[in-house]
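> Dropping the structure in here first, questions after.
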Amino acid sequence: MTVESTAARKTTRRSSGTKRTASASTSTTKKATAKPATASEPELVQLLTPEGERVQHPDYDIDLSAEELRGLYRDMVLTRRFDAEATALQRQGELGLWASLLGQEAAQIGSGRALRDDDYVFPTYREHGVAWCRGVDPTNLLGMFRGVNNGGWDPSTNNFHLYTIVLGSQTLHATGYAMGIAKDGADSAVLAYFGDGASSQGDVNEAFVFSAVYNAPVVFFCQNNQWAISEPIEKQTRVPLYQRARGFGFPGVRVDGNDVLACLAVTRSALERARRGEGPTLIEAFTYRMAAHTTSDDPTRYRRDAEREAWEAKDPILRLKAYMENEGHADAAFFEELEAESETLGKQVREVVRAMPVPEHMAMFDHTYADGHALVDEERAQYAAYQASFEGGEAE
Amino acid sequence: MAVQKLPLAKALNESLRKALETDPKVVIMGLDVGKLGGVFRITDGLQKDFGEDRVVDTPLAESGIVGTAIGLALRGYRPVVEIQFDGFVFPAYDQIVTQLAKMRARSLGTVKMPVVIRIPYGGGIGAVEHHSESPESLFAHVAGLKVVTPANSSDAYWMLQQAIQSDDPVIFFEPKRRYWDKGEVDTEAIPGELHKARVAREGTDLTLVAYGPMVKTCLEVAAAAAEEGKSIEVVDLRSISPLDFDTIQASVEKTRRLVVVHEAPVFFGSGAEIAARITERCFYHLEAPVLRVGGYHAPYPPARLEEEYLPGLDRVLDAVDRSLAY
């Protein structure tokens, strides 16, 4: 059984093919005036306020049909439902660990829906919403957390690389992949995810250097969710993260990470820029990790409830719902059907996870090498003989 | 011309040229590999002939070089990375161990990582610190990597060809102090297996196992010992992971004595693994415990002291004598 998000994905993709770039946009949908930027919130790109009001930005805009808006909403709701199910499965002992994306749905769906099929994504370990946008069967994401594999999918199937746990490493892989695209003369682009914690890693900074020097078609999408486990953003940087890009020689932009429209517009614009051969962009999606770092974490030891509550008012799903309801983009039936679809998804995920087979013992020797290795062969044979030595034991 | 007498460095250069000619997906990356031709001139002339897209001068960041090579491999390229010196590889160690080595297994066998990392290694050239180290065990210990090291020009040419053709990551250690030693290279020969050891000199009284720069040293030891009437067999391992224990075992079953020689520190070095496995395989054949000669458990010393640190003729002969005394 698979749980697919292909239908919605195709809808958004198709429309994205005809989208204008931000600079060429002349959209005139109703908007209020954007709040002036303040010193504490520098140049935050926002198209939808926390109250669900459409606002204008001089550099970025987006004009989506009601169907497209419903598609984004559906993506966020189903992603959140999947995430909640995974958290529950961890509590039930079905998963060893789970890293929740709660609160980051807009950042992930907005950026994920900006991609073309031929683009390539390098995620961290929390990009469940981006995986959804790529058409990855969400239950595939759970194998690693259940302990039945260490990755578990063919990255080329959906152009979605394996989850990467060691922070920042994948930004270099993304840059190398983008260098390969440029060598091939293709016009695909790469989207590399990382977080505020990883921004301190040498690899991320080296990825900035390499991508700038080679003008590689890569977009760095940093979800600044304010916390690296227990360490607040102040422990990582003295300047807003997006401003670092300037020192490396490419543009940086901070976007409201809880605004799916702004995330889509900004990422689409950066990807188009990369396709045109104008090099990398750093996007800092300003958001908040509403849940613990992982199910093993206890945020009550290091942060206050009041902070979380303030961010609850900026919820990415509620603001889009308010906007859609106000504008008549969705009726009650849509929300009811989506609720039912969410429950079906949760049930399917539960069933698939519980049925996930434990790998055969011998599988630990598999795939260590492509061309084989004498020692692996020897140890595999020794282990098989050892297993077979037990009464009723079998070699394989 | 099929057979040429080439310095080891030139054999590597010819091998890289052949790879660039044969496979358009081969890309050479590293510091100073372009116009300069590398600090040891291994890539001399290649950028001129194959262009900046194929022979790529990179920013000065080893993790970045290997990390982007991984990305290029995911895109279908076959990167051949040059790390300038042995002691400079550690900024890239995380990418090599954590990412490169494990990528295939993590993808359940769907991803290939045909990345070669060339590292000039070993001492004996009077260099400043970090330019003379032998970190091969630190890579051989990691599942997912293959580790090889040629000792002569012919192997340099062919083993590099085979490493580049491999779909697995290969750490290719080059014995920098032997770069200028000349040897015959037959570019039309049918090469032997990449991971098979070679009996470099036959003998009957004792087996010396070595690889890379120490093969020449051990051949000199065997020649010196022959003058004293001792018949020493020298096995050139060529590959450290996988390691051809069968060839060592066959030799030790004949000679009944084994001394392992490498420049790397003895403690937890490849000699320890060889001693353990050969003791297990040849327990009833051995007339003496397996002895090891190598570097000491101290940072690689200043150049003026390196001859004391490195295994030389006298220290290896001393171990030979101790083994024969049992």
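Every chain in the structure tokens has a letter given in the order shown (A, B, ...), and although residue numbers restart at 1 in each chain, ligands are simply numbered from 1 in the order shown.
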Considering only C-alpha atoms, extract the chain A residues located within 10 Å of chain B and return them as an NGL selection string.
:A and (120 or 122 or 144 or 149-157 or 161-166 or 169-184 or 202-211 or 213-214 or 363-376)
> Export C-alpha atoms of the chosen residues as a short mmCIF file (atom, residue, chain, number, x, y, z; two decimals), in the first residue's frame?

data_model
loop_
_atom_site.label_atom_id
_atom_site.label_comp_id
_atom_site.auth_asym_id
_atom_site.auth_seq_id
_atom_site.Cartn_x
_atom_site.Cartn_y
_atom_site.Cartn_z
CA TYR A 120 16.67 17.73 -6.80
CA PHE A 122 18.72 17.42 -0.28
CA MET A 144 14.83 4.79 9.70
CA ASN A 149 16.91 0.67 7.67
CA ASN A 150 19.33 3.61 7.68
CA GLY A 151 17.76 5.54 4.86
CA GLY A 152 15.72 3.23 2.80
CA TRP A 153 14.83 4.70 -0.55
CA ASP A 154 16.30 5.27 -3.97
CA PRO A 155 16.93 9.03 -4.08
CA SER A 156 16.57 9.14 -7.86
CA THR A 157 12.96 7.92 -7.78
CA HIS A 161 17.95 12.50 -1.36
CA LEU A 162 18.19 10.36 1.76
CA TYR A 163 17.62 12.03 5.09
CA THR A 164 20.93 13.30 6.44
CA ILE A 165 21.44 13.34 10.19
CA VAL A 166 24.91 14.84 10.57
CA SER A 169 26.77 17.62 5.24
CA GLN A 170 24.05 17.54 2.61
CA THR A 171 24.57 21.17 1.62
CA LEU A 172 27.87 20.13 0.04
CA HIS A 173 26.24 17.19 -1.72
CA ALA A 174 23.62 19.60 -3.02
CA THR A 175 26.30 21.96 -4.26
CA GLY A 176 28.18 19.13 -6.00
CA TYR A 177 24.98 17.90 -7.58
CA ALA A 178 24.27 21.44 -8.78
CA MET A 179 27.79 21.66 -10.22
CA GLY A 180 26.95 18.49 -12.13
CA ILE A 181 23.74 20.04 -13.48
CA ALA A 182 25.76 23.00 -14.71
CA LYS A 183 28.31 20.66 -16.34
CA ASP A 184 25.46 18.84 -18.06
CA GLY A 202 31.86 24.38 8.41
CA ASP A 203 30.26 22.29 5.67
CA VAL A 204 27.44 24.79 5.23
CA ASN A 205 29.89 27.63 4.94
CA GLU A 206 32.03 25.62 2.50
CA ALA A 207 28.90 24.92 0.47
CA PHE A 208 28.29 28.67 0.30
CA VAL A 209 31.87 29.18 -0.93
CA PHE A 210 31.79 26.43 -3.55
CA SER A 211 28.33 27.32 -4.87
CA VAL A 213 32.61 30.31 -6.86
CA TYR A 214 31.07 27.91 -9.39
CA ALA A 363 20.73 -8.08 5.42
CA MET A 364 23.25 -6.17 7.55
CA PHE A 365 25.97 -7.33 5.17
CA ASP A 366 24.11 -6.19 2.06
CA HIS A 367 25.02 -3.15 0.00
CA THR A 368 28.19 -2.27 1.88
CA TYR A 369 30.01 -2.33 -1.46
CA ALA A 370 28.90 -2.25 -5.08
CA ASP A 371 31.75 -4.44 -6.32
CA GLY A 372 31.98 -6.76 -3.32
CA HIS A 373 34.65 -7.07 -0.63
CA ALA A 374 36.45 -10.22 0.49
CA LEU A 375 36.12 -9.44 4.19
CA VAL A 376 32.38 -8.84 3.96
#
> Just the residues within 8 Å of range 287-300 of chain B, please, counting only C-alpha atoms, with nothing from its chain fewer than 6 positions along; format it as a PyMOL selection string.
chain B and resi 129-130+132-133+256-267+271-272+275+279+306+309-311+315-316+319+323-324+326
> Residues within 8 Å of Arg308 in chain A, please, as a PDB file with C-alpha atoms, in the first residue's frame. Count only C-alpha atoms; anything in the same chain fewer than 4 positions from it doesn't count.

ATOM      1  CA  MET A 290       6.469  23.989  17.957  1.00  0.00           C
ATOM      2  CA  ARG A 304       9.103  29.050  28.158  1.00  0.00           C
ATOM      3  CA  GLU A 312       0.780  29.530  18.009  1.00  0.00           C
TER       4      GLU A 312
END
> List the neighbours of Leu102 in chain A out to 7 Å using only C-alpha atoms; skip same-chain residues closer than 6 positions along the sequence, and give me the result as a PDB file with C-alpha atoms, in the first residue's frame.

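This went into around-v9.pdb:
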ATOM      1  CA  ARG A  80       0.632  17.740   9.968  1.00  0.00           C
ATOM      2  CA  ARG A 289       9.778  24.439  16.129  1.00  0.00           C
ATOM      3  CA  MET A 290       6.469  23.989  17.957  1.00  0.00           C
ATOM      4  CA  ALA A 291       7.285  20.471  19.192  1.00  0.00           C
TER       5      ALA A 291
END
> Would you list the contacts of Arg146 in chain A as a list of chain:residue names, taking every protein, DNA or RNA residue within 9 Å and counting only C-alpha atoms, but skipping same-chain residues closer than 4 positions in sequence?
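Counting only C-alpha atoms, the residues come to A:Gln90, A:Glu94, A:Leu95, A:Gly96, A:Leu97, A:Trp98, A:Leu142, A:Val353, A:Met356.
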> Taking only C-alpha atoms into account, which of A:Glu53, A:Glu343, A:Asp118, A:Glu68 comes nearest Glu325 in chain A?
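The shortest atom-to-atom distance to Glu325 in chain A comes from A:Glu53.
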> Can you check which residues of range 8-239 of chain B DSSP gives as alpha helix (DSSP H) on the backbone and send them as a PyMOL selection string?
chain B and resi 8-22+46-50+62-74+93-94+103-106+136-140+153-165+214-227
> Would you mind exporting C-alpha atoms of the selected residues as a PDB file, in the first residue's frame?

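again_10.pdb, freshly written:
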ATOM      1  CA  LEU B   8      55.742   6.548 -10.614  1.00  0.00           C
ATOM      2  CA  ALA B   9      54.414  10.132 -10.710  1.00  0.00           C
ATOM      3  CA  LYS B  10      54.354  10.135 -14.507  1.00  0.00           C
ATOM      4  CA  ALA B  11      52.597   6.749 -14.525  1.00  0.00           C
ATOM      5  CA  LEU B  12      49.843   8.284 -12.400  1.00  0.00           C
ATOM      6  CA  ASN B  13      49.665  11.237 -14.762  1.00  0.00           C
ATOM      7  CA  GLU B  14      49.334   8.942 -17.769  1.00  0.00           C
ATOM      8  CA  SER B  15      46.686   6.939 -15.972  1.00  0.00           C
ATOM      9  CA  LEU B  16      44.611  10.050 -15.219  1.00  0.00           C
ATOM     10  CA  ARG B  17      45.001  11.155 -18.839  1.00  0.00           C
ATOM     11  CA  LYS B  18      43.753   7.775 -20.009  1.00  0.00           C
ATOM     12  CA  ALA B  19      40.750   7.960 -17.660  1.00  0.00           C
ATOM     13  CA  LEU B  20      39.837  11.454 -18.876  1.00  0.00           C
ATOM     14  CA  GLU B  21      40.108  10.263 -22.478  1.00  0.00           C
ATOM     15  CA  THR B  22      38.107   7.098 -21.906  1.00  0.00           C
ATOM     16  CA  LEU B  46      45.677  17.735 -17.902  1.00  0.00           C
ATOM     17  CA  GLN B  47      43.702  20.950 -17.494  1.00  0.00           C
ATOM     18  CA  LYS B  48      45.356  22.352 -20.614  1.00  0.00           C
ATOM     19  CA  ASP B  49      44.216  19.343 -22.618  1.00  0.00           C
ATOM     20  CA  PHE B  50      40.834  18.606 -21.034  1.00  0.00           C
ATOM     21  CA  GLU B  62      38.942  19.598   1.878  1.00  0.00           C
ATOM     22  CA  SER B  63      35.501  18.801   3.279  1.00  0.00           C
ATOM     23  CA  GLY B  64      34.040  20.904   0.495  1.00  0.00           C
ATOM     24  CA  ILE B  65      36.053  19.044  -2.122  1.00  0.00           C
ATOM     25  CA  VAL B  66      34.915  15.612  -0.984  1.00  0.00           C
ATOM     26  CA  GLY B  67      31.365  16.750  -0.177  1.00  0.00           C
ATOM     27  CA  THR B  68      30.856  18.212  -3.632  1.00  0.00           C
ATOM     28  CA  ALA B  69      32.484  15.132  -5.166  1.00  0.00           C
ATOM     29  CA  ILE B  70      29.757  13.078  -3.485  1.00  0.00           C
ATOM     30  CA  GLY B  71      27.133  15.327  -5.054  1.00  0.00           C
ATOM     31  CA  LEU B  72      28.771  14.987  -8.453  1.00  0.00           C
ATOM     32  CA  ALA B  73      28.789  11.211  -8.045  1.00  0.00           C
ATOM     33  CA  LEU B  74      25.067  11.323  -7.284  1.00  0.00           C
ATOM     34  CA  TYR B  93      37.357  12.809   7.165  1.00  0.00           C
ATOM     35  CA  ASP B  94      33.756  13.371   8.230  1.00  0.00           C
ATOM     36  CA  MET B 103      25.796   6.229   1.175  1.00  0.00           C
ATOM     37  CA  ARG B 104      25.360   2.995  -0.751  1.00  0.00           C
ATOM     38  CA  ALA B 105      24.190   0.963   2.236  1.00  0.00           C
ATOM     39  CA  ARG B 106      21.858   3.733   3.373  1.00  0.00           C
ATOM     40  CA  GLU B 136      45.772   4.287   5.973  1.00  0.00           C
ATOM     41  CA  SER B 137      44.464   2.337   8.976  1.00  0.00           C
ATOM     42  CA  LEU B 138      42.026   5.118   9.782  1.00  0.00           C
ATOM     43  CA  PHE B 139      40.362   4.447   6.431  1.00  0.00           C
ATOM     44  CA  ALA B 140      40.765   0.672   6.308  1.00  0.00           C
ATOM     45  CA  SER B 153      55.035   2.550 -11.681  1.00  0.00           C
ATOM     46  CA  SER B 154      53.122  -0.302 -13.287  1.00  0.00           C
ATOM     47  CA  ASP B 155      50.792  -0.663 -10.322  1.00  0.00           C
ATOM     48  CA  ALA B 156      50.438   3.108 -10.104  1.00  0.00           C
ATOM     49  CA  TYR B 157      49.164   3.183 -13.682  1.00  0.00           C
ATOM     50  CA  TRP B 158      46.888   0.170 -13.541  1.00  0.00           C
ATOM     51  CA  MET B 159      45.593   0.361  -9.996  1.00  0.00           C
ATOM     52  CA  LEU B 160      44.501   3.955 -10.577  1.00  0.00           C
ATOM     53  CA  GLN B 161      42.685   2.854 -13.735  1.00  0.00           C
ATOM     54  CA  GLN B 162      40.907   0.155 -11.767  1.00  0.00           C
ATOM     55  CA  ALA B 163      40.134   2.440  -8.838  1.00  0.00           C
ATOM     56  CA  ILE B 164      38.492   4.961 -11.165  1.00  0.00           C
ATOM     57  CA  GLN B 165      36.467   2.196 -12.806  1.00  0.00           C
ATOM     58  CA  MET B 214      58.070   0.159   2.358  1.00  0.00           C
ATOM     59  CA  VAL B 215      58.113  -2.404  -0.465  1.00  0.00           C
ATOM     60  CA  LYS B 216      61.335  -0.965  -1.825  1.00  0.00           C
ATOM     61  CA  THR B 217      62.802  -0.888   1.671  1.00  0.00           C
ATOM     62  CA  CYS B 218      61.896  -4.536   2.208  1.00  0.00           C
ATOM     63  CA  LEU B 219      63.381  -5.560  -1.149  1.00  0.00           C
ATOM     64  CA  GLU B 220      66.615  -3.899  -0.062  1.00  0.00           C
ATOM     65  CA  VAL B 221      66.406  -5.770   3.223  1.00  0.00           C
ATOM     66  CA  ALA B 222      65.939  -9.052   1.354  1.00  0.00           C
ATOM     67  CA  ALA B 223      68.953  -8.286  -0.839  1.00  0.00           C
ATOM     68  CA  ALA B 224      71.084  -7.480   2.194  1.00  0.00           C
ATOM     69  CA  ALA B 225      69.907 -10.574   4.034  1.00  0.00           C
ATOM     70  CA  ALA B 226      70.684 -12.704   1.010  1.00  0.00           C
ATOM     71  CA  GLU B 227      74.327 -11.716   1.377  1.00  0.00           C
TER      72      GLU B 227
END
> Tell me, which residues of range 63-118 of chain B carry DSSP strand (DSSP E or B), written as a list in words?
Arg78, Pro79, Val80, Val81, Glu82, Val116, Ile117 and Arg118 of chain B
> Excluding same-chain residues fewer than 2 positions from Val27 in chain B, what lies within 7 Å of it counting only C-alpha atoms, as number ranges by chain?
B: 25, 29, 54-55, 78-80
> Could you give me, as number ranges by chain, the residues within 6 Å of Val218 in chain A, counting only C-alpha atoms and dropping anything in the same chain fewer than 6 positions from it?
A: 178, 189-191, 280
> From the options B:Val170, B:Leu313, B:Ile278, B:Ala303, which residue's atoms come nearest to Gly124 in chain B, counting only C-alpha atoms?
B:Ala303
